[in-house]
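Participant: I'd like to ask some things about the structure below.
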Amino acid sequence: MEEIHPRDASQVRLAFRTGYLGERFFGSQVQAGARTVEGEFVAACLRMDLFSSFRDGRFQAAGRTDRGVNARSQIFSFSTQYPDRAVAAMNWQLPPDIWVTGFARVDPAFNPRHQAKNRTYRYCFSEPDLDVQAMDSASRRFEGSHDFSLFARIEGKDPVRNVLSSKVFVEQGYAVFEVTAESFLWHMVRNMASSLLLVGTGTETDEMIRSRLNGDRTGRISPAPPEGLVLWDIGSDVQFLPLGLDPRTGKDLLKRRLYHRRMSLMLDSILDE
């Protein structure tokens, strides 16, 4: 029988519900020589001496996001001998563009990727005067099990995905595309968003979406810009306890919000003249 190391015997596995702004990251997954979300999260853990290395802590994520993509509810998990320290200090150790909103003690074998039941993304369109009703109707074409070869970079993976729900609605004056699936392919949501934008501007009808799902390569599409995409939710059985933002992070997010609002008003006034 394999001997259990004393450190392993006393470790606790934690899961953290995490949000971040993607504009200053080269994606979420650790990359040598690049600023990433996982890299910053692990660095914060190392500063707190929660574990000695990525492997030592068995650090895992529920999914990965590309450069520039944001998250409201990513899940990171790791094992440590110091769970109370991790919970108390995590938001103080993370940079202002990453924050934790909840935590949970989970089973020692917990893997957030494998135990995620589904994932929900939102894509926020900035374009004005879109036909949201047509976009919403077209988005229903995605629901069910389809071959998404023409909506993603396949890279040898099974192109069939099961979309549980898909809709477009208006929030704070802008069109928002929300889609939930058991899993997604690379660039899948951003390509879906591009197709819906063409419908919203009247450039295409929802028949083009049906045709692409059936393999018609007429009219190639490119992924929508990453900054509009948000990993909105990870469906899981984990019951997270709430964690508040530290004042520094809250102040930084408010500052960014006010800055972008001011820039938007300024540009509106310039363009309206």
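Going by the structure tokens order, chains are called A, B, ..., each with residues numbered from 1, while ligands are numbered from 1 in the order shown.
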Check which residues of stretch 166-239 of chain A sit at most 12 Å from stretch 26-34 of chain A using only C-alpha atoms, and return one row each with the closest pair of atoms and their distance in Å to one decimal, ordered by chain and rising number, as JSON lines.
Facilitator:
```
{"residue": "A:Pro226", "atom": "CA", "partner": "A:Gly27", "partner_atom": "CA", "distance": 10.3}
{"residue": "A:Glu227", "atom": "CA", "partner": "A:Gly27", "partner_atom": "CA", "distance": 11.5}
{"residue": "A:Leu231", "atom": "CA", "partner": "A:Ser28", "partner_atom": "CA", "distance": 11.3}
```
Participant: Name the residues of stretch 70-264 of chain A that come out as helix (DSSP H, G or I) in a backbone DSSP run; write them as JSON, numbers by chain.
Facilitator: {"A": [83, 84, 85, 86, 87, 88, 89, 90, 91, 92, 93, 132, 133, 134, 135, 136, 137, 138, 139, 140, 141, 142, 149, 150, 151, 188, 189, 190, 191, 192, 193, 194, 195, 196, 197, 198, 199, 200, 206, 207, 208, 209, 210, 211, 212, 213, 226, 227, 228, 247, 248, 249, 250, 251, 252, 253, 254, 255, 256, 257, 258, 259, 260, 261, 262, 263, 264]}
Participant: Write out as a PyMOL selection string all residues of stretch 40-226 of chain A that DSSP puts in strand (DSSP E or B) for this structure's backbone.
Facilitator: chain A and resi 60-61+70-80+98-106+118-124+144-147+153+160-171+174-181+186
Participant: Can you pull out every residue within 6 Å of stretch 81-84 of chain A, counting only C-alpha atoms, but drop anything in the same chain fewer than 2 positions away, and send it as an NGL selection string?
Facilitator: :A and (11 or 86-87)
Participant: List the neighbours of A:Ala15 out to 7 Å using only C-alpha atoms; skip same-chain residues closer than 3 positions along the sequence, and give me the result as a list in words.
Facilitator: Ile75, Phe76, Ser77, Phe78, Phe103, Ala104, Arg105 and Val106 of chain A
Participant: How many Å separate atom CA of A:Gly102 from atom CA of A:Phe16?
Facilitator: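 Separation between atom CA of A:Gly102 and atom CA of A:Phe16: 5.7 Å.
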Participant: I'd like the contact shell of A:Cys124 - 7 Å cut-off, only C-alpha atoms, skipping same-chain residues fewer than 3 positions apart - returned as a PyMOL selection string.
Facilitator: chain A and resi 175-177+228-229
Participant: Expressed in Å to a single decimal, how great is the separation between atom CA of A:Pro108 and atom CA of A:Ala88?
Facilitator: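 These two atoms are separated by 20.6 Å.
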Participant: Between A:Ser79, A:Ser211, A:Ser194, A:Gln60, which residue has the minimum interatomic distance to A:Met135, considering only C-alpha atoms?
Facilitator: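 Looking at the shortest contact to A:Met135, the residue is A:Ser194.
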Participant: Just to confirm, what's the straight-line distance from atom CA of A:Arg24 to atom CA of A:Arg256 in Å (one decimal)?
Facilitator: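 Spanning atom CA of A:Arg24 to atom CA of A:Arg256 is a straight-line distance of 13.0 Å.
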Participant: Excluding A:Lys167 and any residue of its chain fewer than 2 positions from it, enumerate the residues within 12 Å of it, using only C-alpha atoms, and give them as a PyMOL selection string.
Facilitator: chain A and resi 120-123+132-143+163-165+169-170+175-180+192-193+196
